[in-house]
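Heads up, run_21.tsv below (TSV, C-alpha atoms):
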```tsv
chain	number	residue	atom	x	y	z
L	1019	MET	CA	-6.54	22.09	0.56
L	1020	GLY	CA	-3.90	23.19	3.05
L	1021	GLU	CA	-4.83	22.95	6.68
L	1022	SER	CA	-2.84	24.11	9.69
L	1023	LEU	CA	-3.04	21.73	12.63
L	1024	LYS	CA	-1.16	21.51	15.89
L	1025	PHE	CA	0.20	18.14	17.08
L	1026	GLY	CA	1.78	18.56	20.50
L	1027	ARG	CA	4.24	21.43	20.20
L	1028	PHE	CA	4.60	21.11	16.44
L	1029	PHE	CA	2.74	23.38	14.10
L	1030	ILE	CA	2.35	21.62	10.75
L	1031	SER	CA	0.66	22.66	7.54
L	1032	MET	CA	0.07	19.77	5.18
L	1033	ASN	CA	-1.79	18.84	2.01
L	1034	VAL	CA	-2.95	15.23	2.14
L	1035	ALA	CA	-4.07	12.91	-0.68
L	1036	THR	CA	-4.98	9.24	-0.71
L	1037	VAL	CA	-4.22	7.05	-3.73
L	1038	ILE	CA	-6.71	4.23	-4.34
L	1039	ALA	CA	-6.10	1.71	-7.14
L	1040	VAL	CA	-9.55	0.76	-8.42
L	1041	HIS	CA	-10.63	-2.20	-10.52
L	1042	HIS	CA	-13.80	-1.86	-12.60
L	1043	LEU	CA	-15.25	-4.91	-10.79
L	1044	GLU	CA	-15.18	-3.11	-7.44
L	1045	ILE	CA	-18.51	-2.67	-5.65
L	1046	SER	CA	-19.33	1.00	-6.13
L	1047	LYS	CA	-21.25	1.42	-2.85
L	1048	HIS	CA	-18.27	0.13	-0.88
L	1049	LEU	CA	-15.90	2.45	-2.71
L	1050	LYS	CA	-18.26	5.34	-1.94
L	1051	ILE	CA	-17.96	4.60	1.80
L	1052	THR	CA	-14.17	4.69	1.54
L	1053	ILE	CA	-14.09	7.94	-0.41
L	1054	GLU	CA	-16.53	9.72	1.88
L	1055	SER	CA	-14.57	8.65	4.96
L	1056	TYR	CA	-11.53	10.47	3.53
L	1057	TYR	CA	-13.63	13.52	2.57
L	1058	ARG	CA	-14.51	13.88	6.23
L	1059	TRP	CA	-10.90	14.77	7.02
L	1060	ASN	CA	-10.23	16.99	4.01
L	1061	VAL	CA	-8.14	14.34	2.24
L	1062	LEU	CA	-8.25	14.30	-1.57
L	1063	PRO	CA	-8.96	10.82	-3.01
L	1064	ILE	CA	-7.03	10.03	-6.21
L	1065	LEU	CA	-8.55	7.04	-7.99
L	1066	VAL	CA	-6.30	5.13	-10.39
L	1067	PHE	CA	-7.68	2.91	-13.15
L	1068	ASP	CA	-5.33	0.68	-15.11
L	1069	LYS	CA	-6.61	1.87	-18.47
L	1070	LEU	CA	-9.60	3.69	-19.95
L	1071	SER	CA	-11.29	0.54	-21.23
L	1072	PRO	CA	-15.01	0.28	-22.04
L	1073	GLU	CA	-15.47	-1.53	-18.70
L	1074	VAL	CA	-13.83	1.35	-16.82
L	1075	VAL	CA	-15.95	3.93	-18.68
L	1076	GLU	CA	-19.07	2.01	-17.63
L	1077	PHE	CA	-17.84	1.80	-14.04
L	1078	ILE	CA	-17.28	5.57	-13.94
L	1079	LYS	CA	-20.93	6.01	-15.00
L	1080	ILE	CA	-21.96	3.79	-12.09
L	1081	LEU	CA	-19.85	5.88	-9.70
L	1082	LYS	CA	-21.58	9.04	-10.92
L	1083	LYS	CA	-24.93	7.45	-10.07
L	1084	GLU	CA	-23.53	7.02	-6.55
L	1085	LYS	CA	-22.74	10.77	-6.50
L	1086	ILE	CA	-19.01	10.12	-6.95
L	1087	ASP	CA	-18.10	12.62	-9.63
L	1088	LEU	CA	-14.65	12.46	-11.18
L	1089	PRO	CA	-13.48	15.89	-12.34
L	1090	PRO	CA	-9.69	16.35	-12.36
L	1091	VAL	CA	-8.39	17.65	-9.02
L	1092	ALA	CA	-11.53	19.02	-7.42
L	1093	THR	CA	-13.35	16.83	-4.92
L	1094	VAL	CA	-11.84	13.69	-6.49
L	1095	SER	CA	-8.97	13.31	-8.90
L	1096	TRP	CA	-8.59	10.33	-11.19
L	1097	VAL	CA	-5.97	9.07	-13.60
L	1098	THR	CA	-5.49	6.10	-15.87
L	1099	SER	CA	-2.14	4.39	-15.70
L	1100	GLY	CA	-2.04	3.37	-19.36
L	1101	GLY	CA	-0.82	-0.07	-18.36
L	1102	ILE	CA	-1.83	-3.27	-16.64
L	1103	GLY	CA	-1.65	-4.44	-13.05
L	1104	VAL	CA	-2.46	-2.94	-9.66
L	1105	GLY	CA	1.25	-2.44	-8.90
L	1106	HIS	CA	1.61	-0.32	-12.01
L	1107	ALA	CA	-1.57	1.59	-11.14
L	1108	ARG	CA	-0.33	2.32	-7.63
L	1109	ASP	CA	3.01	3.47	-9.00
L	1110	VAL	CA	1.31	5.93	-11.36
L	1111	GLY	CA	-1.09	7.18	-8.69
L	1112	LEU	CA	1.60	7.80	-6.08
L	1113	ARG	CA	3.81	9.59	-8.61
L	1114	HIS	CA	0.80	11.66	-9.71
L	1115	ALA	CA	0.25	12.76	-6.11
L	1116	VAL	CA	3.92	13.73	-5.77
L	1117	GLU	CA	3.71	15.75	-8.98
L	1118	LEU	CA	0.59	17.53	-7.71
L	1119	GLY	CA	2.62	18.77	-4.74
L	1120	PHE	CA	1.00	16.93	-1.85
L	1121	ASP	CA	3.06	16.76	1.34
L	1122	CYS	CA	1.55	13.56	2.73
L	1123	ILE	CA	0.42	10.74	0.44
L	1124	ILE	CA	-1.62	7.78	1.69
L	1125	ASN	CA	-1.81	4.50	-0.20
L	1126	SER	CA	-5.20	3.00	0.61
L	1127	ASP	CA	-7.32	-0.04	-0.13
L	1128	SER	CA	-10.69	0.67	-1.68
L	1129	HIS	CA	-12.60	-0.80	1.29
L	1130	VAL	CA	-11.45	1.02	4.41
L	1131	VAL	CA	-13.19	3.53	6.65
L	1132	MET	CA	-10.98	6.36	7.96
L	1133	MET	CA	-12.53	7.08	11.36
L	1134	ARG	CA	-10.12	9.83	12.48
L	1135	ASP	CA	-7.94	12.48	10.91
L	1136	PRO	CA	-4.86	10.73	9.45
L	1137	ARG	CA	-2.65	13.80	9.90
L	1138	PRO	CA	-0.98	12.46	13.10
L	1139	ALA	CA	0.24	9.54	10.96
L	1140	CYS	CA	1.39	12.10	8.39
L	1141	ALA	CA	3.41	13.81	11.11
L	1142	SER	CA	5.07	10.45	11.89
L	1143	ALA	CA	5.79	9.96	8.19
L	1144	PHE	CA	7.44	13.40	7.99
L	1145	GLU	CA	9.85	12.38	10.74
L	1146	SER	CA	10.56	8.83	9.56
L	1147	GLY	CA	9.70	8.68	5.84
L	1148	PHE	CA	6.59	6.53	6.08
L	1149	SER	CA	4.27	5.16	8.76
L	1150	PHE	CA	1.87	2.35	9.54
L	1151	ILE	CA	-1.40	2.63	11.46
L	1152	PRO	CA	-3.01	-0.02	13.67
L	1153	HIS	CA	-6.54	-0.84	12.59
L	1154	LEU	CA	-9.68	-2.79	13.41
L	1155	THR	CA	-11.34	-5.25	11.06
L	1156	SER	CA	-14.94	-5.59	9.99
L	1157	PRO	CA	-16.73	-8.07	7.69
L	1158	PHE	CA	-16.68	-6.93	4.08
L	1159	ASP	CA	-20.36	-7.67	3.43
L	1160	LYS	CA	-21.73	-5.66	6.36
L	1161	PHE	CA	-21.67	-1.97	7.12
L	1162	PRO	CA	-18.44	-1.50	9.06
L	1163	GLN	CA	-18.59	-1.14	12.81
L	1164	PRO	CA	-15.75	-1.06	15.34
L	1165	SER	CA	-15.34	-4.60	16.60
L	1166	ASN	CA	-14.01	-6.22	19.75
L	1167	ALA	CA	-11.12	-7.68	17.78
L	1168	PRO	CA	-7.69	-6.51	18.95
L	1169	GLN	CA	-6.05	-3.77	16.96
L	1170	PHE	CA	-3.02	-4.74	14.90
L	1171	TYR	CA	-0.62	-3.42	12.26
L	1172	SER	CA	-1.38	-5.97	9.56
L	1173	VAL	CA	1.39	-8.51	8.98
L	1174	ILE	CA	5.14	-8.99	8.70
L	1175	HIS	CA	6.42	-11.58	6.23
L	1176	THR	CA	9.51	-13.71	6.58
L	1177	LEU	CA	12.42	-12.60	4.44
L	1178	ASP	CA	11.62	-15.29	1.84
L	1179	LEU	CA	7.88	-14.37	1.90
L	1180	ASN	CA	6.92	-17.96	2.79
L	1181	GLN	CA	5.13	-17.15	6.06
L	1182	TYR	CA	3.66	-14.19	7.86
L	1183	ALA	CA	2.66	-13.15	11.36
L	1184	ASP	CA	0.31	-10.51	12.71
L	1185	VAL	CA	2.05	-7.51	14.29
L	1186	TYR	CA	0.34	-6.20	17.43
L	1187	TRP	CA	2.98	-3.75	18.62
L	1188	CYS	CA	6.09	-2.32	17.02
L	1189	LYS	CA	8.42	0.63	17.26
L	1190	PHE	CA	8.91	0.54	13.51
L	1191	LYS	CA	8.21	-1.94	10.72
L	1192	PRO	CA	10.59	-2.25	7.74
L	1193	CYS	CA	7.97	-3.39	5.23
L	1194	GLY	CA	4.36	-4.37	4.97
L	1195	TYR	CA	1.28	-4.96	2.93
L	1196	ASP	CA	-0.97	-2.87	5.14
L	1197	PRO	CA	-4.39	-1.63	3.95
L	1198	VAL	CA	-3.24	1.94	4.65
L	1199	ILE	CA	0.38	3.16	4.42
L	1200	VAL	CA	1.29	6.82	4.88
L	1201	PHE	CA	4.23	8.33	2.98
L	1202	SER	CA	6.15	11.56	3.12
L	1203	ALA	CA	6.42	13.04	-0.37
L	1204	ASN	CA	10.11	13.73	0.29
L	1205	ALA	CA	10.78	10.04	0.93
L	1206	LEU	CA	8.96	9.09	-2.27
L	1207	LYS	CA	11.00	11.63	-4.21
L	1208	LYS	CA	14.23	10.08	-2.96
L	1209	LEU	CA	13.10	6.64	-4.13
L	1210	MET	CA	12.10	8.09	-7.50
L	1211	ASP	CA	15.61	9.54	-7.83
L	1212	ALA	CA	17.07	6.06	-7.26
L	1213	GLN	CA	14.82	4.34	-9.81
L	1214	SER	CA	14.55	6.67	-12.83
L	1215	ASP	CA	11.34	8.22	-11.44
L	1216	LYS	CA	9.62	4.87	-10.75
L	1217	LEU	CA	8.30	4.04	-7.29
L	1218	ILE	CA	6.98	0.49	-7.73
L	1219	ILE	CA	8.72	-1.87	-10.17
L	1220	GLY	CA	6.49	-4.95	-10.00
L	1221	ARG	CA	3.37	-4.45	-12.10
L	1222	GLY	CA	1.09	-6.97	-10.39
L	1223	PHE	CA	-0.70	-7.34	-7.10
L	1224	GLY	CA	1.46	-9.27	-4.64
L	1225	ALA	CA	4.64	-7.73	-3.29
L	1226	GLU	CA	4.33	-4.24	-4.71
L	1227	LEU	CA	3.74	-2.58	-1.34
L	1228	HIS	CA	6.40	-4.71	0.32
L	1229	ASP	CA	8.76	-3.46	-2.39
L	1230	ILE	CA	8.12	0.25	-1.89
L	1231	THR	CA	8.28	0.07	1.93
L	1232	MET	CA	11.40	-2.12	2.04
L	1233	SER	CA	13.01	0.11	-0.60
L	1234	LEU	CA	12.46	3.17	1.60
L	1235	THR	CA	13.84	1.32	4.63
L	1236	ARG	CA	16.96	0.37	2.67
L	1237	LEU	CA	17.41	4.02	1.66
L	1238	GLY	CA	17.60	4.97	5.35
L	1239	PHE	CA	13.96	5.73	6.21
L	1240	TYR	CA	11.87	3.98	8.88
L	1241	GLY	CA	8.30	2.74	8.86
L	1242	ALA	CA	7.12	4.29	12.12
L	1243	CYS	CA	4.29	2.54	13.94
L	1244	ASN	CA	1.68	5.18	14.70
L	1245	PRO	CA	0.15	4.40	18.15
L	1246	SER	CA	-3.53	5.24	17.56
L	1247	VAL	CA	-6.20	3.26	15.72
L	1248	LEU	CA	-7.46	5.49	12.91
L	1249	TYR	CA	-9.37	3.24	10.53
L	1250	ILE	CA	-11.40	0.08	9.95
L	1251	HIS	CA	-10.39	-2.40	7.28
L	1252	ARG	CA	-13.26	-4.24	5.65
L	1253	VAL	CA	-11.91	-7.76	5.17
L	1254	SER	CA	-13.04	-9.93	2.25
L	1255	THR	CA	-12.93	-13.72	2.23
L	1256	GLY	CA	-11.44	-13.96	-1.27
L	1257	GLU	CA	-14.59	-15.67	-2.50
L	1258	GLU	CA	-16.46	-12.51	-3.50
L	1259	GLU	CA	-17.38	-12.42	-7.18
L	1260	PHE	CA	-15.60	-9.12	-7.87
L	1261	TRP	CA	-12.38	-10.62	-6.48
L	1262	ARG	CA	-12.51	-14.00	-8.23
L	1263	LYS	CA	-13.38	-12.54	-11.63
L	1264	ARG	CA	-10.33	-10.31	-11.81
L	1265	TRP	CA	-7.86	-13.21	-11.52
L	1266	ASN	CA	-7.37	-14.14	-15.16
L	1267	GLN	CA	-4.10	-15.66	-16.40
L	1268	GLN	CA	-2.60	-12.25	-17.13
L	1269	GLN	CA	-3.13	-11.11	-13.53
L	1270	LEU	CA	-1.72	-14.39	-12.19
L	1271	ASP	CA	1.40	-13.88	-14.33
L	1272	LEU	CA	1.78	-10.30	-13.08
L	1273	PHE	CA	1.41	-11.54	-9.49
L	1274	MET	CA	4.38	-13.85	-9.96
L	1275	GLU	CA	6.33	-11.07	-11.68
L	1276	SER	CA	5.78	-8.83	-8.66
L	1277	MET	CA	6.95	-11.55	-6.29
L	1278	GLY	CA	10.00	-12.19	-8.48
L	1279	VAL	CA	10.91	-8.50	-8.49
L	1280	TYR	CA	10.81	-8.41	-4.70
L	1281	LEU	CA	12.93	-11.54	-4.34
L	1282	LEU	CA	15.55	-10.35	-6.83
L	1283	LYS	CA	15.70	-6.84	-5.35
L	1284	HIS	CA	15.56	-7.47	-1.63
L	1285	VAL	CA	16.18	-11.14	-0.81
L	1286	PRO	CA	19.68	-12.67	-0.78
L	1287	GLU	CA	20.56	-16.29	-1.39
L	1288	PRO	CA	19.84	-18.81	0.08
L	1289	TYR	CA	16.55	-17.22	1.16
L	1290	ARG	CA	15.58	-16.40	-2.42
L	1291	SER	CA	15.95	-19.91	-3.82
L	1292	ARG	CA	13.98	-21.50	-0.98
L	1293	SER	CA	11.00	-19.17	-1.44
L	1294	LYS	CA	7.76	-20.69	-2.69
L	1295	TYR	CA	7.67	-17.78	-5.15
L	1296	SER	CA	11.12	-18.42	-6.63
L	1297	SER	CA	9.58	-19.31	-10.01
L	1298	GLY	CA	8.61	-15.64	-10.26
L	1299	LEU	CA	12.28	-14.77	-10.79
L	1300	LYS	CA	11.88	-15.97	-14.40
L	1301	ARG	CA	9.23	-13.31	-15.00
L	1302	VAL	CA	11.37	-10.31	-14.04
L	1303	GLN	CA	11.81	-8.14	-17.15
L	1304	PRO	CA	15.13	-6.63	-18.36
L	1305	TRP	CA	13.94	-3.08	-17.63
L	1306	GLN	CA	13.03	-4.16	-14.09
L	1307	LYS	CA	16.47	-5.72	-13.57
L	1308	GLU	CA	18.07	-2.46	-14.67
L	1309	LEU	CA	16.06	-0.46	-12.14
L	1310	ILE	CA	16.87	-3.02	-9.43
L	1311	ASN	CA	20.57	-2.54	-10.14
L	1312	GLN	CA	20.15	1.24	-9.96
L	1313	PHE	CA	18.40	0.94	-6.61
L	1314	ASN	CA	20.96	-1.40	-5.07
L	1315	LYS	CA	23.71	1.11	-5.85
L	1316	ALA	CA	21.79	3.75	-3.89
L	1317	ALA	CA	20.70	1.55	-0.96
L	1318	VAL	CA	22.47	2.08	2.36
L	1319	LYS	CA	21.43	-1.18	4.03
L	1320	SER	CA	20.32	-4.71	3.17
L	1321	ALA	CA	16.86	-6.16	3.75
L	1322	LEU	CA	18.44	-8.70	6.11
L	1323	ASP	CA	19.82	-5.87	8.27
L	1324	ALA	CA	16.39	-4.20	8.22
L	1325	TYR	CA	14.74	-7.39	9.53
L	1326	LYS	CA	17.39	-7.71	12.24
L	1327	GLU	CA	16.71	-4.14	13.40
L	1328	PHE	CA	12.98	-4.91	13.52
L	1329	VAL	CA	13.53	-8.05	15.62
L	1330	ASN	CA	15.93	-6.25	17.97
L	1331	SER	CA	13.28	-3.58	18.63
L	1332	ASN	CA	11.22	-6.30	20.41
L	1333	PRO	CA	7.97	-6.16	18.44
L	1334	ILE	CA	4.97	-8.20	19.52
L	1335	ILE	CA	4.09	-10.61	16.73
L	1336	TYR	CA	1.98	-13.75	16.62
L	1337	PRO	CA	2.75	-16.47	15.87
L	1338	ARG	CA	6.29	-16.05	17.10
L	1339	MET	CA	8.58	-17.14	14.30
L	1340	GLN	CA	12.04	-16.80	12.84
L	1341	LEU	CA	11.80	-14.02	10.27
L	1342	PHE	CA	15.06	-14.79	8.50
```

Show me the file's structure as C-alpha cells.
Amino acid sequence: MGESLKFGRFFISMNVATVIAVHHLEISKHLKITIESYYRWNVLPILVFDKLSPEVVEFIKILKKEKIDLPPVATVSWVTSGGIGVGHARDVGLRHAVELGFDCIINSDSHVVMMRDPRPACASAFESGFSFIPHLTSPFDKFPQPSNAPQFYSVIHTLDLNQYADVYWCKFKPCGYDPVIVFSANALKKLMDAQSDKLIIGRGFGAELHDITMSLTRLGFYGACNPSVLYIHRVSTGEEEFWRKRWNQQQLDLFMESMGVYLLKHVPEPYRSRSKYSSGLKRVQPWQKELINQFNKAAVKSALDAYKEFVNSNPIIYPRMQLF
C-alpha cells in the first residue's frame, strides 16, 4: 500500500484511501468507472453502505458481476454504517479509514474519474489539514471525456446557505461541498477528539461536507486549493431515476436535520434565522446539540471570521456576491 513519491524537494511516503458512500440505487457500471480510476493510482476504495439490507445485498451481487469484489481490505474495503443517511455513512467511512491507519483520506462522490495521481493534493492536505482540487465536468449519461468547460473548485455558499457561487481560483477555501475533498488523517483525528470520536454530526445529505470542512477550518486548519486539475466530475441533472427514487420522506427529513446542524453549529444570528433552511433547526437532536457544544469549546475561530479570511484572500468567484 505504501508508496514513496517525490514532490519537489519533499520525500513523502503515504497510504491513500478514498471513502465512497454508496446507495443501493447507484448505477453499478458508473461506480465501476470511479473505482477503477482510483485503482490506477494505488488508492484503496472504501465503499460505505448505510445498512446491510436485502437491497444492499442484491446490489453487492450486481457489483460482483461487474468484477467489483468486496473482500475486507484487499483491493476494495467495504463497511456498513448500521444507520441511516449519507452523512452518517460518510462519517463511519472516514473514521474507518482513520482507524485503518491511512495517512491521506479522500472523500469522493461515486461518479468521478480520477485522471491523475491525487498524492500532490495529499501533500497539500498534510501541510494545511485538507485540500480541494479543481475539476472538469462531464455529462453523467455519457462516458466521461475532458471538456472545454473551465476548471473550477465547485462552489462556495453564503454564510446562511441561501446562495452559492462557483469558485474559479482561490488560495484556500474554508468549506465546500466538492465532489472530491482530500483530508490529512491527523486533521480528522483532531476533529474526532473535539466531538467524542464523531466527524460528521448531521446524518443526512445536505450540509454534511460543509460541516466537516468548516469544522476543520474553525479548529485552525485551512482548505488549501490545489492548483492542478486531477479529476472529472460526472454531473447528473437530478432527474435520473436512481436519484429521484432515493428521496423518500425519511431522507428529506434527514436533509433538513443536516442543514439544521450546520446552522446551529456554524452560523450566528441573524444569519441563522434568515436562512431558508432555518426550519431544520427543529430537527437537531439532543445528542447532536451536545456534540456541537463540545466542538464550540474547542474551536479557535468563528465561521464568520473564516469567511472574512476567504474574501480577503481575493478569490475569483462568479457570480460576485456578498458571502456574509

Do you have the atom CA of Asp1135 of chain L-atom CA of Val1066 of chain L distance handy?
->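 That distance, rounded to one decimal, is 22.6 Å.
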
Counting only C-alpha atoms, note down every residue that has an atom within 8 Å of the point (2.8, -8.0, -8.0) (file coordinates), as a ChimeraX atom specification.
-> /L:1103-1105,1220-1226,1272-1277

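Checking L:Val1097, L:Ile1219, L:Ile1199, L:Leu1309 one by one against Leu1248 of chain L, counting all atoms listed in the file, you find the shortest gap at L:Ile1199.
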
Counting all atoms listed in the file, figure out which residue out of L:Tyr1195, L:Asn1311, L:Phe1144, L:Asp1178 gets nearest to Pro1286 of chain L.
-> L:Asp1178

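Here the question is which of L:Gly1101, L:Pro1136, L:Pro1245, L:Pro1157 gets nearest to Val1198 of chain L using all atoms listed in the file, and that residue is L:Pro1136.
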
Which one is closest to Lys1160 of chain L: L:His1129, L:Cys1140, L:Val1110, L:Ile1218? Count all atoms listed in the file.
->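 Of L:His1129, L:Cys1140, L:Val1110, L:Ile1218, the one nearest Lys1160 of chain L is L:His1129, counting all atoms listed in the file.
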
Distance criterion (all atoms listed in the file): nearest to Asp1121 of chain L out of L:Ile1053, L:Ala1141, L:Ala1321, L:Ile1335 =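 Among the listed residues, the smallest separation from Asp1121 of chain L belongs to L:Ala1141.
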
Kindly provide the residues of segment 1213-1310 of chain L that approach segment 1124-1127 of chain L to within 10 Å, each paired with its closest atom pair and their distance in Å to one decimal, based on only C-alpha atoms, listed by chain and increasing number, as CSV.
```
residue,atom,partner,partner_atom,distance
L:Leu1227,CA,L:Asn1125,CA,9.1
L:His1251,CA,L:Asp1127,CA,8.4
L:Arg1252,CA,L:Asp1127,CA,9.3
```

Selected residues, C-alpha atoms, written as an mmCIF file, in the coordinates of the input, please.
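Written out: again_26.cif:
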```cif
data_model
loop_
_atom_site.group_PDB
_atom_site.id
_atom_site.type_symbol
_atom_site.label_atom_id
_atom_site.label_comp_id
_atom_site.auth_asym_id
_atom_site.auth_seq_id
_atom_site.Cartn_x
_atom_site.Cartn_y
_atom_site.Cartn_z
ATOM 1 C CA LEU L 1227 3.740 -2.580 -1.340
ATOM 2 C CA HIS L 1251 -10.390 -2.400 7.280
ATOM 3 C CA ARG L 1252 -13.260 -4.240 5.650
#
```

Among the residues L:Asn1033, L:Ser1246, L:Asn1180, L:Gln1163, the one that comes closest to Pro1138 of chain L [using only C-alpha atoms] |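 The closest residue to Pro1138 of chain L is L:Ser1246.
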
What gap, in Å, lies between atom CA of Gly1111 of chain L and atom CA of Leu1282 of chain L?
->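 Atom CA of Leu1282 of chain L lies at a distance of 24.2 Å from atom CA of Gly1111 of chain L.
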
Tell me, in Å to one decimal, how far atom CA of Ser1055 of chain L is from atom CA of Asp1068 of chain L.
->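 Going from atom CA of Ser1055 of chain L over to atom CA of Asp1068 of chain L, I get 23.5 Å.
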
Would you be able to write out as a ChimeraX atom specification which residues have an atom within 10 Å of (12.2, -14.8, -13.9) in the file's coordinates, counting only C-alpha atoms?
-> /L:1274-1275,1277-1279,1282,1296-1304
